[in-house]
Number of protein chains: 2
Amino acid sequence: MGDEMGLMAINSSRFRDDFEALAKIGSTNDGGVHRPTFSEAHRMARTWFLERAYAAGLQAEVDGAGNHSAILRCGPVGGPTLLLGSHLDSVSHGGRFDGALGVLAALEVLRVVQETGLALRFDLEAVDFTDEEGTFSGLLGSSAAAGILTQHELENPRGGRAALLSGLELAGLSESGLLKASRDPSRLAGYLELHIEQGGRLEAEGVDIGIVTGIVGLVSITLTFIGQADHAGTTTIERRRDAAQGACSFTVKARDLLMGEFPGCVANVGSIQFLPGAYNIVPGTAVLSLEFRAPDAERLNRLETALLELARDEAARFDLELHIASKGRHAPTLMNSTIQKAFQKSAEKRGLKHIFMASGAGHDAQAMAFVCPAGMIFVPSIGGASHSPRELTRWTDCNHGANTLLQAVLELGR
Amino acid sequence: MGDEMGLMAINSSRFRDDFEALAKIGSTNDGGVHRPTFSEAHRMARTWFLERAYAAGLQAEVDGAGNHSAILRCGPVGGPTLLLGSHLDSVSHGGRFDGALGVLAALEVLRVVQETGLALRFDLEAVDFTDEEGTFSGLLGSSAAAGILTQHELENPRGGRAALLSGLELAGLSESGLLKASRDPSRLAGYLELHIEQGGRLEAEGVDIGIVTGIVGLVSITLTFIGQADHAGTTTIERRRDAAQGACSFTVKARDLLMGEFPGCVANVGSIQFLPGAYNIVPGTAVLSLEFRAPDAERLNRLETALLELARDEAARFDLELHIASKGRHAPTLMNSTIQKAFQKSAEKRGLKHIFMASGAGHDAQAMAFVCPAGMIFVPSIGGASHSPRELTRWTDCNHGANTLLQAVLELGR
């Protein structure tokens, strides 16, 4: 159980064997996985996970939100539980590492602690949260566990209401079960998550471990520019009220605004639809999907104000109406400082180069932070690739991450 | 048959009654018509037209391209035929005037000539061409009549091959029939068409009749910008290869290019599709539908070169690949000068204010000009509205147009 540094360490070959076995479930020809929530591959992966827990002599549980857990009773009877986890669902045609790595590292930490017979000040639970990626509704399982899932969210899921209901049925779940799946905060010692960075900073800077200070806030908005559809051959450019111009000019200038005035923030125009959408008709309507993120509330609000002002200016410039519809908002979330320090001490003990950084992506830790101390570490993503079959983290880095997670559990639990 | 000016004139109330009756076929609640090619409403309109021809004692014929004609034998036996026409199909949810006005004016001219018993140097044929609007393939019937329709066009119709084949079957037509529908050019005295302007110039300048000098050339191109799809939260703006930026910047700058350097030309970005098209994914691909028009070949070529250079520059600026796919090309078409002069003389005789102007829209005259002298006149479109239920031409202007058409037939036929 000890490594060359005299520290307790994970079983790297067992960890890797599990990783390879899991990556086969829902694997795609291009080296990725396709495990959307409640798909056959996703359900198979969850079953495989519980079987691995049983095989290790751990308790296995599934809660009302479908969260799958392996449990190790290593704390005082009636004491709290430290959750370690992530998720086994993937985006459509995603990669092998996103989520899976964190669940397997959690499982491995439980096995190592179990094998050493170590008593900690809490029980350990390795959890695979339901639908982190939002096939139906992002952070569904962790929001349910944190007790912040609302009926409103269930009625307006990103993937549509009908899809959610049939997915829940397929998985043997119910809305009432989801709404009753909240954990007792007084029994939660905290939540720790290992995840791939999904960006290229750690690799670029030659850093082993990113200690997450907070998860950025996120706003999604639909902007609809409305002008007038006209014949594209007979309507002079001067006479047009071309919705395409408003939408495209906004998209170009939003990038300039972000680069010039909002370092550390991002914005994305992920789709634009022109109506009626023919070669020979000047677009009368342009519907634009905008998302932007900032590490703190002050910058998120300032960015929102600036982007909406830009949209209004561009609409006015091309004589267009503008409709603004909010499509979602997540407040920036700070990670617990005690957990950050435990991760820092762990990385130092293992001689790993580490930095503190914000997470640009959303994670289950964001939901869990509402009800318990939460913390995350990142390991490097080669080329920054994510949500893609190109996802890759060197195996050495996977081990570094899992060992840092283990060490932090020991730091917090002794 | 004579009016207050002592000139032969159309029967305005009969012309208007026909117009109102036809506008009811496929009428929509908003005052427009919905008569896509081979729809039930379109087929009913064509049947109604032949019934009106029969009722007037004219011959009625349908050729292998489905072109519906009323024929008046007023010329020498074995002599040529002067075609007058337009089309009864509409764009999806279009207006009452586009095409219909020209067919009804043609029918009315035949009736008036018939009633006077006038002998001309040609027979007259009022023709409703098939699918001018391109529900399946633009200028289908006139291209077939002109003998310029190719098997290649039939195999790659804008609306898709399967739709064309089922449409032809519905209308009792065949591809071989279409390809054999070409008229003998030696028997064609010419082609004259009355149409609404579909732009706002005549109304704005207080002009009654626009005499068309030529129909602009048109090029359709699909531009595909290819970058890399990435996580929109974790990929900094500097590190992105965002296909949206290339497509949007091109769209904005193309407008500046047209306004600054290509007066008299137009360009349109009618649709853009981003892939994969999610709020939280940086677009890896942007597919853009570009169309541009110029009144002469020299400007059309120069404009094409400039737009493609701009697309390449923008792709390079954002580190994107660019694919260029041609989607269609119509050369600029000159209208016959003798016919232009006949229209001019006719307008002068009737005291109508007229100008010479290029047509920014495509018309059946474009196809017919390949095989016979062709000419067109425009009447004012209120507000320039076209391809819309808002289409409107004052009834006085409809009469002016039909009378100018009649007068030109007399000028050419005596």
# chains A, B, ... in the order shown; residues from 1 in each chain; ligands from 1
call {"tool": "select_by_dssp", "arguments": {"residues": "segment 172-206 of chain A", "states": "strand (DSSP E or B)", "output": "list in words"}}
result
Leu188, Ala189, Gly190, Tyr191, Leu192, Glu193, Leu194, His195 and Ile196 of chain A
call {"tool": "residues_around", "arguments": {"residues": "segment 40-45 of chain A", "least_positions_apart": "2", "cutoff": "12 Å", "atoms": "only C-alpha atoms", "output": "VMD selection string"}}
result
chain A and resid 18 to 19 21 to 28 33 to 38 47 to 52 66 to 68 87 to 93 96 99 to 100 103 to 104 128 to 131 135 167 to 168 170 to 172
call {"tool": "residues_around", "arguments": {"residues": "Glu309 of chain B", "least_positions_apart": "4", "cutoff": "12 Å", "atoms": "only C-alpha atoms", "output": "PyMOL selection string"}}
result
chain B and resi 223+250+253-254+257+302-305+313-316+322+324
call {"tool": "closest_atom_pairs", "arguments": {"of": "chain A", "to": "chain B", "cutoff": "7 Å", "atoms": "only C-alpha atoms", "output": "tab-separated table"}}
result
residue	atom	partner	partner_atom	distance
A:Gln198	CA	B:Thr234	CA	6.0
A:Gly199	CA	B:Thr234	CA	4.9
A:Asp230	CA	B:Ser386	CA	6.8
A:His231	CA	B:Ser386	CA	6.3
A:Ala232	CA	B:Asn268	CA	6.1
A:Gly233	CA	B:Gly360	CA	4.5
A:Thr234	CA	B:Gly360	CA	4.7
A:Thr235	CA	B:Gly199	CA	5.6
A:Thr236	CA	B:Val266	CA	6.6
A:Ile237	CA	B:Val266	CA	6.5
A:Gln245	CA	B:Val252	CA	6.1
A:Cys248	CA	B:Cys248	CA	4.5
A:Ser249	CA	B:Val252	CA	6.0
A:Thr251	CA	B:Cys248	CA	6.7
A:Val252	CA	B:Ser249	CA	6.0
A:Val266	CA	B:Ile237	CA	6.5
A:Asn268	CA	B:Ala232	CA	6.1
A:Val269	CA	B:Tyr279	CA	6.8
A:Gly270	CA	B:Tyr279	CA	4.6
A:Ser271	CA	B:Gly277	CA	4.8
A:Ile272	CA	B:Gln273	CA	6.6
A:Gln273	CA	B:Ile272	CA	6.6
A:Phe274	CA	B:Ser271	CA	5.3
A:Gly277	CA	B:Ser271	CA	4.8
A:Ala278	CA	B:Gly270	CA	5.1
A:Tyr279	CA	B:Gly270	CA	4.6
A:Asn280	CA	B:Gly270	CA	6.5
A:Ile281	CA	B:Gly270	CA	5.9
A:Val282	CA	B:Gly270	CA	5.9
A:Pro283	CA	B:Gly270	CA	5.8
A:Ser289	CA	B:Tyr279	CA	5.7
A:Leu290	CA	B:Tyr279	CA	6.3
A:Glu291	CA	B:Tyr279	CA	5.9
A:Arg293	CA	B:Gly233	CA	6.9
A:Gly360	CA	B:Gly233	CA	4.4
A:Ala361	CA	B:Gly233	CA	5.0
A:Ala385	CA	B:Asp230	CA	6.8
A:Ser386	CA	B:His231	CA	6.2
A:His387	CA	B:His231	CA	6.8
call {"tool": "write_last_selection", "arguments": {"atoms": "C-alpha atoms", "output": "PDB file, in the first residue's frame"}}
result
ATOM      1  CA  GLN A 198     -11.076  20.093 -20.063  1.00  0.00           C
ATOM      2  CA  GLY A 199      -8.823  22.991 -20.967  1.00  0.00           C
ATOM      3  CA  ASP A 230     -37.334  40.468 -48.290  1.00  0.00           C
ATOM      4  CA  HIS A 231     -36.427  39.368 -51.785  1.00  0.00           C
ATOM      5  CA  ALA A 232     -32.636  39.191 -51.879  1.00  0.00           C
ATOM      6  CA  GLY A 233     -32.461  40.201 -55.534  1.00  0.00           C
ATOM      7  CA  THR A 234     -34.760  43.187 -55.598  1.00  0.00           C
ATOM      8  CA  THR A 235     -34.197  44.731 -52.173  1.00  0.00           C
ATOM      9  CA  THR A 236     -31.150  47.002 -52.172  1.00  0.00           C
ATOM     10  CA  ILE A 237     -28.768  46.576 -49.267  1.00  0.00           C
ATOM     11  CA  GLN A 245     -26.368  41.565 -39.863  1.00  0.00           C
ATOM     12  CA  CYS A 248     -23.364  38.428 -36.950  1.00  0.00           C
ATOM     13  CA  SER A 249     -22.151  41.853 -35.934  1.00  0.00           C
ATOM     14  CA  THR A 251     -21.116  37.762 -32.523  1.00  0.00           C
ATOM     15  CA  VAL A 252     -17.981  39.449 -33.875  1.00  0.00           C
ATOM     16  CA  VAL A 266     -15.630  33.583 -21.796  1.00  0.00           C
ATOM     17  CA  ASN A 268     -19.904  31.626 -26.841  1.00  0.00           C
ATOM     18  CA  VAL A 269     -22.409  31.943 -29.663  1.00  0.00           C
ATOM     19  CA  GLY A 270     -23.145  28.251 -30.080  1.00  0.00           C
ATOM     20  CA  SER A 271     -25.848  28.490 -32.707  1.00  0.00           C
ATOM     21  CA  ILE A 272     -27.631  30.964 -34.955  1.00  0.00           C
ATOM     22  CA  GLN A 273     -30.752  30.234 -36.947  1.00  0.00           C
ATOM     23  CA  PHE A 274     -31.913  32.516 -39.737  1.00  0.00           C
ATOM     24  CA  GLY A 277     -33.425  30.550 -44.172  1.00  0.00           C
ATOM     25  CA  ALA A 278     -33.252  30.518 -47.985  1.00  0.00           C
ATOM     26  CA  TYR A 279     -30.452  31.631 -50.316  1.00  0.00           C
ATOM     27  CA  ASN A 280     -32.694  34.201 -51.949  1.00  0.00           C
ATOM     28  CA  ILE A 281     -34.489  35.691 -48.963  1.00  0.00           C
ATOM     29  CA  VAL A 282     -33.023  38.361 -46.691  1.00  0.00           C
ATOM     30  CA  PRO A 283     -33.285  36.857 -43.171  1.00  0.00           C
ATOM     31  CA  SER A 289     -27.806  31.061 -28.536  1.00  0.00           C
ATOM     32  CA  LEU A 290     -25.476  32.956 -26.224  1.00  0.00           C
ATOM     33  CA  GLU A 291     -23.689  31.626 -23.164  1.00  0.00           C
ATOM     34  CA  ARG A 293     -19.204  32.668 -17.849  1.00  0.00           C
ATOM     35  CA  GLY A 360     -14.638  27.108 -16.500  1.00  0.00           C
ATOM     36  CA  ALA A 361     -16.884  24.058 -16.707  1.00  0.00           C
ATOM     37  CA  ALA A 385      -9.671  18.470 -25.693  1.00  0.00           C
ATOM     38  CA  SER A 386     -12.975  17.723 -23.987  1.00  0.00           C
ATOM     39  CA  HIS A 387     -16.471  16.497 -24.831  1.00  0.00           C
TER      40      HIS A 387
END
call {"tool": "atom_distance", "arguments": {"atom1": "atom CA of Leu118 of chain B", "atom2": "atom CA of Leu194 of chain B"}}
result
21.7 Å
call {"tool": "select_by_dssp", "arguments": {"residues": "segment 135-279 of chain A", "states": "helix (DSSP H, G or I)", "output": "count of residues only"}}
result
57
call {"tool": "closest_residue", "arguments": {"among": "B:Ala56, B:Leu120, B:Val62, B:Leu307", "to": "Val77 of chain B", "atoms": "only C-alpha atoms"}}
result
B:Leu120
call {"tool": "closest_residue", "arguments": {"among": "B:Thr393, B:Gln59, B:Ser13, B:Thr224", "to": "Ala325 of chain B", "atoms": "only C-alpha atoms"}}
result
B:Thr224
call {"tool": "atom_distance", "arguments": {"atom1": "atom CA of Arg161 of chain A", "atom2": "atom CA of Ala145 of chain A"}}
result
20.7 Å
call {"tool": "closest_residue", "arguments": {"among": "B:Gly85, B:Phe318, B:Glu61, B:Gly214", "to": "Leu334 of chain B", "atoms": "only C-alpha atoms"}}
result
B:Gly214
call {"tool": "atom_distance", "arguments": {"atom1": "atom CA of Ala331 of chain B", "atom2": "atom CA of Thr213 of chain B"}}
result
14.3 Å
